[in-house]
Structure formats: C-alpha cells, structure tokens
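File shown: model_32.txt. Contents: compact mmCIF, C-alpha atoms.
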# COMPACT_ATOMS: atom_id res chain seq x y z
CA MET U 15 37.43 80.66 -211.66
CA THR U 16 36.09 77.81 -213.75
CA ILE U 17 37.97 74.66 -212.86
CA THR U 18 36.27 72.69 -215.61
CA ASP U 19 37.97 74.88 -218.24
CA THR U 20 40.89 72.80 -219.52
CA ASN U 21 42.99 75.94 -219.88
CA THR U 22 42.79 76.73 -216.19
CA VAL U 23 44.39 75.27 -213.12
CA ASN U 24 43.28 71.84 -211.96
CA ASN U 25 44.79 70.36 -208.81
CA GLY U 26 41.80 68.06 -208.35
CA VAL U 27 40.32 70.12 -205.53
CA ASN U 28 36.73 71.30 -205.88
CA VAL U 29 37.19 74.75 -204.39
CA GLU U 30 33.67 75.84 -205.38
CA ALA U 31 32.23 73.03 -203.24
CA LEU U 32 34.40 74.07 -200.28
CA LEU U 33 33.40 77.72 -200.65
CA GLY U 34 29.77 76.59 -200.92
CA ALA U 35 30.15 74.58 -197.73
CA ARG U 36 31.63 77.60 -195.99
CA GLU U 37 28.73 79.75 -197.10
CA ALA U 38 26.16 77.15 -196.06
CA MET U 39 27.79 76.59 -192.66
CA THR U 40 28.13 80.32 -191.99
CA GLY U 41 24.34 80.47 -191.99
CA ALA U 42 23.91 77.21 -190.04
CA PRO U 43 26.64 76.96 -187.37
CA GLU U 44 25.36 73.58 -186.09
CA ALA U 45 26.16 72.00 -189.48
CA ALA U 46 29.86 72.77 -188.92
CA LYS U 47 30.01 70.72 -185.72
CA PHE U 48 31.68 67.42 -186.56
CA THR U 49 32.60 64.38 -184.48
CA TRP U 50 35.30 62.09 -185.87
CA LYS U 51 35.43 58.54 -184.59
CA ALA U 52 37.91 55.68 -184.37
CA THR U 53 37.60 52.20 -182.87
CA ASN U 54 40.79 50.53 -181.70
CA GLN U 55 41.22 46.85 -180.95
CA TRP U 56 44.25 45.32 -179.28
CA VAL U 57 45.70 42.43 -181.33
CA ASN U 58 48.71 41.23 -179.32
CA GLY U 59 51.71 42.81 -177.65
CA THR U 60 52.11 46.38 -178.85
CA HIS U 61 50.11 45.65 -182.03
CA SER U 62 46.63 47.11 -182.37
CA ARG U 63 44.25 47.92 -185.21
CA THR U 64 42.11 51.02 -185.55
CA MET U 65 38.99 50.92 -187.71
CA ILE U 66 37.63 54.15 -189.16
CA HIS U 67 34.25 54.29 -190.84
CA ASP U 68 31.54 56.62 -189.59
CA PHE U 69 31.50 60.17 -188.31
CA PHE U 70 28.97 62.89 -187.59
CA GLY U 71 28.62 66.18 -189.44
CA VAL U 72 26.24 68.54 -191.25
CA GLY U 73 23.72 67.56 -188.58
CA ALA U 74 23.59 63.86 -189.50
CA PRO U 75 25.48 60.56 -189.30
CA GLN U 76 27.98 60.23 -192.17
CA ALA U 77 30.25 57.44 -193.36
CA HIS U 78 33.35 56.82 -195.42
CA ARG U 79 32.90 54.81 -198.65
CA GLU U 80 34.64 51.90 -196.90
CA THR U 81 36.05 50.97 -193.52
CA PHE U 82 39.73 51.85 -193.24
CA ALA U 83 42.00 49.76 -190.99
CA LEU U 84 45.18 51.30 -189.59
CA GLU U 85 47.77 49.12 -187.87
CA THR U 86 50.23 50.34 -185.28
CA ASP U 87 53.01 48.40 -183.59
CA HIS U 88 56.56 48.87 -182.34
CA PRO U 89 59.62 47.90 -184.40
CA GLU U 90 61.70 44.77 -183.86
CA LEU U 91 64.31 46.97 -182.18
CA PHE U 92 61.94 47.08 -179.18
CA ALA U 93 61.37 43.33 -179.27
CA SER U 94 58.03 43.83 -181.04
CA GLU U 95 56.82 42.37 -184.32
CA ASP U 96 56.70 45.53 -186.44
CA ASN U 97 53.22 44.85 -187.81
CA GLY U 98 52.68 48.52 -188.54
CA VAL U 99 54.05 52.00 -188.11
CA THR U 100 54.64 53.35 -184.63
CA PRO U 101 51.87 55.57 -183.27
CA VAL U 102 54.16 58.61 -183.44
CA GLU U 103 54.94 57.97 -187.10
CA MET U 104 51.19 57.80 -187.68
CA VAL U 105 50.88 61.31 -186.24
CA LEU U 106 53.59 62.50 -188.65
CA ALA U 107 51.58 60.96 -191.50
CA GLY U 108 48.44 62.76 -190.31
CA LEU U 109 50.32 66.06 -190.15
CA ALA U 110 51.76 65.51 -193.63
CA GLY U 111 48.41 64.56 -195.13
CA CYS U 112 46.71 67.60 -193.61
CA LEU U 113 49.32 70.12 -194.77
CA THR U 114 49.54 68.63 -198.27
CA ALA U 115 45.74 68.62 -198.75
CA GLY U 116 45.85 72.26 -197.70
CA VAL U 117 48.64 73.03 -200.18
CA ALA U 118 46.52 71.54 -203.01
CA ALA U 119 43.39 73.43 -201.94
CA VAL U 120 45.08 76.79 -201.41
CA ALA U 121 47.03 76.49 -204.68
CA GLN U 122 43.77 75.70 -206.50
CA HIS U 123 42.09 78.72 -204.93
CA ARG U 124 45.00 80.96 -205.95
CA GLY U 125 45.13 79.62 -209.51
CA ILE U 126 48.49 77.88 -209.08
CA GLN U 127 48.96 74.62 -210.97
CA LEU U 128 50.87 72.04 -208.93
CA ARG U 129 53.00 69.46 -210.69
CA SER U 130 54.49 67.65 -207.71
CA VAL U 131 54.46 68.07 -203.95
CA THR U 132 56.70 66.07 -201.64
CA ALA U 133 57.21 66.59 -197.93
CA THR U 134 59.84 65.00 -195.72
CA LEU U 135 58.98 65.03 -192.03
CA THR U 136 61.29 64.30 -189.15
CA GLY U 137 60.30 64.10 -185.52
CA ASP U 138 63.01 64.10 -182.86
CA MET U 139 62.21 62.17 -179.70
CA ASP U 140 64.33 61.41 -176.66
CA LEU U 141 63.20 58.00 -175.39
CA ALA U 142 64.49 58.92 -171.94
CA GLY U 143 60.96 60.33 -171.58
CA ILE U 144 58.72 57.36 -172.37
CA LEU U 145 61.15 54.90 -170.79
CA GLY U 146 60.96 56.85 -167.54
CA ILE U 147 64.73 57.48 -167.41
CA ASP U 148 64.54 61.27 -167.03
CA PRO U 149 61.42 63.01 -165.65
CA ASP U 150 62.49 66.27 -167.30
CA VAL U 151 62.26 64.76 -170.79
CA ARG U 152 58.84 64.81 -172.38
CA ASN U 153 57.23 61.67 -173.84
CA GLY U 154 56.43 63.20 -177.20
CA PHE U 155 58.44 64.89 -179.93
CA GLU U 156 61.06 67.47 -179.01
CA ARG U 157 60.47 69.08 -182.38
CA ILE U 158 59.08 68.28 -185.83
CA THR U 159 60.44 69.57 -189.14
CA VAL U 160 58.41 69.46 -192.36
CA ARG U 161 60.36 70.17 -195.55
CA TYR U 162 58.39 70.69 -198.78
CA GLU U 163 59.68 70.32 -202.31
CA ILE U 164 57.06 71.71 -204.65
CA ASP U 165 57.10 71.96 -208.42
CA ALA U 166 54.39 74.40 -209.53
CA ASP U 167 53.60 77.20 -211.94
CA ALA U 168 54.48 79.87 -209.39
CA THR U 169 57.40 81.79 -207.92
CA LYS U 170 59.24 80.60 -204.80
CA GLU U 171 57.48 83.37 -202.84
CA GLU U 172 54.03 82.33 -204.07
CA ILE U 173 54.77 78.70 -203.16
CA GLU U 174 55.96 79.73 -199.69
CA ALA U 175 52.76 81.74 -199.23
CA VAL U 176 50.64 78.72 -200.21
CA VAL U 177 52.43 76.54 -197.65
CA ALA U 178 52.06 79.22 -194.98
CA GLN U 179 48.32 79.51 -195.62
CA SER U 180 47.91 75.72 -195.50
CA GLN U 181 49.70 75.71 -192.13
CA LYS U 182 47.40 78.48 -190.87
CA ARG U 183 44.29 76.44 -191.70
CA SER U 184 45.54 72.95 -190.89
CA ALA U 185 43.62 70.96 -188.29
CA VAL U 186 46.51 68.60 -187.50
CA PHE U 187 49.07 71.41 -187.38
CA ASP U 188 46.84 72.95 -184.70
CA VAL U 189 46.48 69.63 -182.85
CA VAL U 190 50.27 69.17 -182.73
CA THR U 191 51.27 72.74 -181.94
CA ASN U 192 48.55 73.51 -179.38
CA PRO U 193 47.19 71.59 -176.40
CA THR U 194 43.98 69.58 -176.72
CA ASN U 195 41.98 68.21 -173.82
CA VAL U 196 41.89 64.40 -173.91
CA ARG U 197 39.68 62.48 -171.49
CA VAL U 198 40.50 58.79 -171.08
CA GLU U 199 37.79 56.67 -169.43
CA VAL U 200 37.39 53.01 -168.59
CA ALA U 201 33.89 51.63 -169.12
CA MET F 28 58.30 37.64 -163.34
CA THR F 29 59.08 34.93 -165.87
CA ILE F 30 57.00 35.52 -168.94
CA THR F 31 58.17 32.30 -170.57
CA ASP F 32 56.43 30.30 -167.84
CA THR F 33 53.18 29.15 -169.40
CA ASN F 34 51.39 29.60 -166.08
CA THR F 35 52.13 33.30 -165.98
CA VAL F 36 50.77 36.29 -167.76
CA ASN F 37 51.48 36.72 -171.46
CA ASN F 38 50.20 39.77 -173.29
CA GLY F 39 52.82 39.39 -175.99
CA VAL F 40 54.96 42.22 -174.68
CA ASN F 41 58.61 41.50 -173.95
CA VAL F 42 58.90 43.59 -170.81
CA GLU F 43 62.38 42.26 -170.03
CA ALA F 44 63.63 43.64 -173.34
CA LEU F 45 62.06 47.03 -172.59
CA LEU F 46 63.56 47.09 -169.10
CA GLY F 47 66.90 46.08 -170.62
CA ALA F 48 66.63 48.94 -173.12
CA ARG F 49 65.88 51.33 -170.30
CA GLU F 50 68.94 50.14 -168.38
CA ALA F 51 71.16 50.34 -171.46
CA MET F 52 69.93 53.82 -172.40
CA THR F 53 70.28 55.10 -168.82
CA GLY F 54 74.01 54.53 -169.19
CA ALA F 55 74.18 55.85 -172.77
CA PRO F 56 71.82 58.83 -173.13
CA GLU F 57 72.71 59.34 -176.81
CA ALA F 58 71.21 55.92 -177.64
CA ALA F 59 67.79 57.18 -176.52
CA LYS F 60 67.74 60.00 -179.07
CA PHE F 61 65.50 58.91 -181.93
CA THR F 62 64.40 60.59 -185.14
CA TRP F 63 61.22 59.30 -186.76
CA LYS F 64 60.70 60.00 -190.43
CA ALA F 65 57.84 60.16 -192.93
CA THR F 66 57.80 61.03 -196.63
CA ASN F 67 54.58 62.38 -198.05
CA GLN F 68 53.67 62.60 -201.71
CA TRP F 69 50.71 64.45 -203.11
CA VAL F 70 48.54 62.22 -205.34
CA ASN F 71 45.67 64.47 -206.49
CA GLY F 72 43.19 66.83 -204.88
CA THR F 73 43.22 66.28 -201.11
CA HIS F 74 44.64 62.76 -201.49
CA SER F 75 48.24 62.11 -200.48
CA ARG F 76 50.31 59.09 -199.50
CA THR F 77 52.86 58.92 -196.69
CA MET F 78 55.60 56.31 -196.81
CA ILE F 79 57.25 55.19 -193.59
CA HIS F 80 60.35 53.04 -193.60
CA ASP F 81 63.55 54.21 -191.92
CA PHE F 82 64.31 56.02 -188.69
CA PHE F 83 67.31 56.75 -186.51
CA GLY F 84 67.91 55.41 -183.00
CA VAL F 85 70.36 53.66 -180.69
CA GLY F 86 73.04 55.69 -182.46
CA ALA F 87 72.47 54.19 -185.90
CA PRO F 88 70.13 54.15 -188.93
CA GLN F 89 67.25 51.71 -188.40
CA ALA F 90 64.42 50.44 -190.59
CA HIS F 91 61.02 48.83 -190.42
CA ARG F 92 60.70 45.31 -191.85
CA GLU F 93 58.78 46.83 -194.75
CA THR F 94 57.71 50.20 -196.11
CA PHE F 95 54.29 51.19 -194.81
CA ALA F 96 52.02 53.40 -196.94
CA LEU F 97 49.35 55.51 -195.28
CA GLU F 98 46.71 57.25 -197.37
CA THR F 99 44.83 60.37 -196.34
CA ASP F 100 42.03 62.15 -198.16
CA HIS F 101 38.80 63.99 -197.46
CA PRO F 102 35.38 62.31 -197.63
CA GLU F 103 32.89 62.66 -200.48
CA LEU F 104 30.91 65.06 -198.30
CA PHE F 105 33.65 67.61 -199.04
CA ALA F 106 33.59 66.84 -202.79
CA SER F 107 36.71 64.68 -202.40
CA GLU F 108 37.24 61.05 -203.40
CA ASP F 109 37.58 59.48 -199.95
CA ASN F 110 40.69 57.50 -200.82
CA GLY F 111 41.72 57.28 -197.18
CA VAL F 112 40.98 58.48 -193.69
CA THR F 113 41.07 62.18 -192.94
CA PRO F 114 44.32 63.42 -191.38
CA VAL F 115 42.54 64.11 -188.08
CA GLU F 116 41.19 60.55 -187.94
CA MET F 117 44.76 59.37 -188.50
CA VAL F 118 45.79 61.28 -185.39
CA LEU F 119 43.01 59.56 -183.43
CA ALA F 120 44.35 56.21 -184.67
CA GLY F 121 47.87 57.16 -183.55
CA LEU F 122 46.58 58.14 -180.13
CA ALA F 123 44.61 54.89 -179.84
CA GLY F 124 47.55 52.74 -180.93
CA CYS F 125 49.88 54.43 -178.48
CA LEU F 126 47.58 54.13 -175.47
CA THR F 127 46.67 50.52 -176.26
CA ALA F 128 50.32 49.45 -176.68
CA GLY F 129 50.92 51.06 -173.30
CA VAL F 130 47.99 49.21 -171.73
CA ALA F 131 49.45 45.88 -172.95
CA ALA F 132 52.96 46.72 -171.73
CA VAL F 133 51.89 48.05 -168.33
CA ALA F 134 49.51 45.13 -167.76
CA GLN F 135 52.33 42.72 -168.62
CA HIS F 136 54.65 44.48 -166.20
CA ARG F 137 52.02 44.28 -163.44
CA GLY F 138 51.20 40.64 -164.07
CA ILE F 139 47.72 41.31 -165.41
CA GLN F 140 46.49 39.02 -168.18
CA LEU F 141 44.50 40.89 -170.82
CA ARG F 142 41.77 39.09 -172.74
CA SER F 143 40.41 41.94 -174.84
CA VAL F 144 41.02 45.66 -175.11
CA THR F 145 38.82 47.96 -177.19
CA ALA F 146 38.88 51.73 -177.28
CA THR F 147 36.37 54.05 -178.88
CA LEU F 148 37.69 57.50 -179.62
CA THR F 149 35.69 60.57 -180.56
CA GLY F 150 37.11 63.93 -181.53
CA ASP F 151 34.82 66.93 -181.67
CA MET F 152 35.70 69.58 -184.22
CA ASP F 153 33.92 72.76 -185.24
CA LEU F 154 34.65 73.27 -188.94
CA ALA F 155 33.98 76.99 -188.49
CA GLY F 156 37.71 77.02 -187.65
CA ILE F 157 39.33 75.42 -190.69
CA LEU F 158 36.77 76.93 -193.06
CA GLY F 159 37.69 80.39 -191.78
CA ILE F 160 34.14 81.21 -190.68
CA ASP F 161 34.96 82.16 -187.09
CA PRO F 162 38.48 83.29 -186.06
CA ASP F 163 37.73 82.37 -182.43
CA VAL F 164 37.24 78.68 -183.31
CA ARG F 165 40.41 76.61 -183.43
CA ASN F 166 41.27 74.44 -186.44
CA GLY F 167 41.86 71.29 -184.43
CA PHE F 168 39.80 69.19 -182.03
CA GLU F 169 37.77 70.92 -179.35
CA ARG F 170 38.16 67.79 -177.23
CA ILE F 171 38.93 64.09 -177.57
CA THR F 172 37.38 61.28 -175.56
CA VAL F 173 38.90 57.80 -175.33
CA ARG F 174 36.69 55.11 -173.81
CA TYR F 175 38.26 51.75 -172.98
CA GLU F 176 36.48 48.45 -172.55
CA ILE F 177 38.94 45.98 -171.10
CA ASP F 178 38.44 42.35 -170.19
CA ALA F 179 41.31 41.22 -167.95
CA ASP F 180 42.23 39.22 -164.87
CA ALA F 181 42.10 42.27 -162.65
CA THR F 182 39.76 44.47 -160.67
CA LYS F 183 38.19 47.60 -162.15
CA GLU F 184 40.61 49.67 -160.04
CA GLU F 185 43.65 47.76 -161.27
CA ILE F 186 42.49 48.19 -164.87
CA GLU F 187 41.95 51.91 -164.34
CA ALA F 188 45.46 52.19 -162.89
CA VAL F 189 46.93 50.41 -165.93
CA VAL F 190 45.17 52.83 -168.28
CA ALA F 191 46.31 55.81 -166.20
CA GLN F 192 49.93 54.65 -166.29
CA SER F 193 49.74 54.10 -170.06
CA GLN F 194 48.43 57.64 -170.44
CA LYS F 195 51.28 58.96 -168.29
CA ARG F 196 53.91 57.34 -170.54
CA SER F 197 52.23 57.75 -173.91
CA ALA F 198 54.15 59.68 -176.57
CA VAL F 199 51.07 60.53 -178.64
CA PHE F 200 49.01 61.50 -175.58
CA ASP F 201 51.80 64.00 -174.86
CA VAL F 202 51.86 65.22 -178.48
CA VAL F 203 48.11 65.85 -178.45
CA THR F 204 47.78 67.36 -174.97
CA ASN F 205 50.92 69.54 -175.04
CA PRO F 206 52.34 71.93 -177.64
CA THR F 207 55.12 70.79 -179.97
CA ASN F 208 57.25 73.08 -182.09
CA VAL F 209 56.72 72.36 -185.81
CA ARG F 210 58.90 74.07 -188.40
CA VAL F 211 57.58 74.02 -191.97
CA GLU F 212 60.12 74.86 -194.68
CA VAL F 213 60.03 75.04 -198.46
CA ALA F 214 63.18 73.74 -200.18
Would you write the structure of this file as structure tokens?
Amino acid sequence: MTITDTNTVNNGVNVEALLGAREAMTGAPEAAKFTWKATNQWVNGTHSRTMIHDFFGVGAPQAHRETFALETDHPELFASEDNGVTPVEMVLAGLAGCLTAGVAAVAQHRGIQLRSVTATLTGDMDLAGILGIDPDVRNGFERITVRYEIDADATKEEIEAVVAQSQKRSAVFDVVTNPTNVRVEVA
Amino acid sequence: MTITDTNTVNNGVNVEALLGAREAMTGAPEAAKFTWKATNQWVNGTHSRTMIHDFFGVGAPQAHRETFALETDHPELFASEDNGVTPVEMVLAGLAGCLTAGVAAVAQHRGIQLRSVTATLTGDMDLAGILGIDPDVRNGFERITVRYEIDADATKEEIEAVVAQSQKRSAVFDVVTNPTNVRVEVA
C-alpha cells in the first residue's frame, strides 16, 4: 500500500511507520517499554491542573512538542466552580480518543477511506458509591456505552470489524475493562 | 465546623453542600443516578476531539457552564502530529484530578488546611501489547504510581490518612483498579 498515491486511501495515519516501529521493537524489546508521566497541581477546592510534557520510550527520554494542561473540577451542582471537566468525563475522553485513533489506523491498514467518525459515550454512575451512602455501590462507572457513527467507503460489516479490531488493540479500553495496579504514595 | 469562619480551615471545598447532597440522596436514591456524556469527533490521523457539556443527574438534565474540548493524538515519535496528549496520559490526568479533589475535600472535612498539593504520576506500558508483538503483554498500563507531595497543617500520618481516604472514595481510582463493562456499538 502506498499512502502517498492520491488514488489510494488516506486517513492521515502513517501505517508504514507504525509497522516499522513494530518490526524494530520486535527485535529490541526494551525499546517498547514506555513510561507515561503526568504532574498534577491542586489549584483550589476540587479544581486541579495536570501538566503533560515528557515521557520515556525507545530507550530514551522523549517529549511532546508542547506542554499540555488539563483542568479537572466538579460542576456547580456540587457547589464547585466547574473550571473543567470532571475526572470521570476525562476518562471517557481518553477512551474515546484511544478507540477513534485505532479506528483511523485500522481503517488505513485495511484500505478503508474514512469520511467522518463520531462517537457518543455515556457512563452511568450511582453516586451512592462515592458519597458513601451504600457500601455495595462501586465508586466508578456501572457501565460505559460507546456508540460510533462512521461514514466510510466500506460495508457495515467491514466498519464493525474495524471498530472491533480497534477495541482489541486499545490501551484505554484495556485500562477501563481490566484491573490495573495503582500505588499511591506520600513523599 | 464553620468554614465561613476566617479562623478555620478553608480549602475551597463546600463540605456542607456535599454532606447535604449525601443526606438528600440517601432519601431519594434515584437522584444519585448520574450519566456522564462525551462526544468524540475524529479530526485526522490519530487526532480526535472530545466535547463535554451536558450530563444527567439529580433526576434531570444538567450542563457544565461551558463546553470543554479535549484533544488527543499520538506524539511525533509515532509519526503523528502531537496535537494533544495521548489517550493514556489523559487517563492519568483523570486519575490525578480525582484523587486531588478528594484530598482537598477530605482535608476540609477533617479540618486540615492544605497549602500545596502536587502529584507525580507515572504509568508503565510495554508497547509490545498494543503493537501486537507479544500476545501475553496487555495493551494498557502494567502499573501506575502516584506520588503526592503535600504541604499542610497536619502530621505526616494525618496527611497519609487523607490520601488513603481519597483513594477509597475516588471514582477514577475505582475505574482504573477494577473492571468496568464497556459496550462498543456501531450505529
């Protein structure tokens, strides 16, 4: 597949580079070991700001082109100032961004031209958990639904297969659907 | 505790309002059932934008003061344009924001004045998973570490107890450490 050919599919994903990375990392497993990093600073009340800039991978320190700042807060409904999305909405955004990047990459790899991709995510949560009302209710989401609307040069079945493959290879889908060990320390 | 008294602790969290919400929702369990929502739109390549505005809770449609836009992308290292944080970094930011909001709220409730709260998060990930190199490697984080540095009018033990209680009541900590059912559909 030659993605530079104007007659072929172009979803803006450099699949050759990703396949090259896979080949390179297959021969050098240490290069595939990444560490992502985030630095969070409390602002006031439930408002905090997380800065994201550097990370580690391919055996060396790496950095984003710029420092990204992400704000989280609680809405006015909870007597907060609503200076940003809630942390749980931020997780929905991470899940959405991961699955959609995967849809674009898999479609590119399969020669499917995308025209538009939209996903609507809903996360149900019973606040009886985090408010400590009912010990049998969990703090997090009861369930999450992701609904894609995709316009592409492909059949419904091909589009469904692209979404399924994206789900299979999604880092955030894995984080949300499977347990991860989190250690919280105080310096 | 009177948080309006200038001589007392003020972390900017309205604990009375939260306790009031808990009392109100204890008597009306349906009010505690929330649905958070996110709408994601593919931009190009691995870049997508998630809009967050409305949600449902306390038995009625609710909305943020404004629409928040969150951008995710992959870094230039992966032949992408780095137009935003990676989706997995966004999850770290959500985790950080959730735990830190909890630290402020719990400290307020316990009469502990915070001066500064910083958390450094690292998430280790072996890309042999998402690149499909090794089927035994998961796609998500191998582990996450959250390290707090907190300056407050409290002993080290009191600060550690505040962080532990925040962790116990954190929605995103639950999402990351326990499995959640995610249904992905194509319209």
Give me, as a PyMOL selection string, all polymer residues having an atom no more than 8 Å from Ser94 of chain U, counting only C-alpha atoms and skipping those fewer than 6 positions away in the same chain. (chain U and resi 59-60+87-88) or (chain F and resi 40-41)
Considering all atoms listed in the file, tabulate each residue of segment 159-213 of chain F that lies at most 9 Å from segment 96-118 of chain U along with its nearest interatomic pair and the corresponding distance in Å to one decimal; arrange the rows by chain and ascending residue number and present them as JSON lines.
{"residue": "F:Ala198", "atom": "CA", "partner": "U:Val102", "partner_atom": "CA", "distance": 7.0}
{"residue": "F:Val199", "atom": "CA", "partner": "U:Val102", "partner_atom": "CA", "distance": 6.0}
{"residue": "F:Val202", "atom": "CA", "partner": "U:Val102", "partner_atom": "CA", "distance": 8.6}
Save out the residues we just selected, C-alpha atoms, as an mmCIF file, in the frame of the given file.
data_model
loop_
_atom_site.group_PDB
_atom_site.id
_atom_site.type_symbol
_atom_site.label_atom_id
_atom_site.label_comp_id
_atom_site.auth_asym_id
_atom_site.auth_seq_id
_atom_site.Cartn_x
_atom_site.Cartn_y
_atom_site.Cartn_z
ATOM 1 C CA ALA F 198 54.150 59.680 -176.570
ATOM 2 C CA VAL F 199 51.070 60.530 -178.640
ATOM 3 C CA VAL F 202 51.860 65.220 -178.480
#
Just checking: using all atoms listed in the file, which residue out of F:Ile160, F:Arg76, F:Ala96, F:Thr35 ends up closest to Ala38 of chain U? F:Ile160
From the list U:Asp140, U:Glu172, U:Glu30, U:Asp167, the nearest residue to chain F using only C-alpha atoms is U:Asp140
Set the distance at 9 Å and use all atoms listed in the file: which residues neighbour Phe82 of chain F once local chain neighbours fewer than 5 positions away are removed? I'd like the list as a VMD selection string. (chain U and resid 136) or (chain F and resid 61 to 65 87 to 91)
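The smallest atom-to-atom distance between chain U and any of F:Gln192, F:Gln68, F:Gln140, F:Asn37, using only C-alpha atoms, is found for F:Gln68.
Distance-wise, atom CA of Ala133 of chain U and atom CA of Thr66 of chain F end up 5.7 Å apart.
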Do you have the atom CA of Ala48 of chain F-atom CA of Leu141 of chain F distance handy? 23.7 Å
Output, as JSON, the centre and edge lengths in Å (one decimal) of the axis-aligned box that contains all listed atoms of segment 132-144 of chain U with 8 Å of margin on each side.
{"center_x": 60.6, "center_y": 62.0, "center_z": -186.6, "size_x": 23.8, "size_y": 25.2, "size_z": 46.1}
Contact residues around Ala201 of chain U with only C-alpha atoms at 9 Å, ignoring same-chain residues under 5 positions, as JSON, numbers by chain: {"F": [174, 175, 176, 177]}
Could you list, as number ranges by chain, every residue within 9 Å of Asn208 of chain F, counting all atoms listed in the file and ignoring same-chain residues fewer than 5 positions away? U: 155-159, 190-191
For Arg129 of chain U, work out the shell of residues within 10 Å, counting only C-alpha atoms and skipping chain neighbours fewer than 4 positions away, then give it as a PyMOL selection string. (chain U and resi 25+164-167) or (chain F and resi 69+71)
Could you check which of F:Leu148, F:Met78, F:Ala181, F:Val42 is closest to chain U, using all atoms listed in the file? F:Leu148
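Here atom CA of Arg196 of chain F is placed at a distance of 27.3 Å from atom CA of Phe82 of chain U.
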Return the single residue from F:Val85, F:Val164, F:Val209, F:Pro102 that is closest to Thr53 of chain F, with distances computed using all atoms listed in the file. F:Val85
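Using all atoms listed in the file, the smallest distance between any of U:Val160, U:Val177, U:Val57, U:Ile126 and chain F comes from U:Val160.
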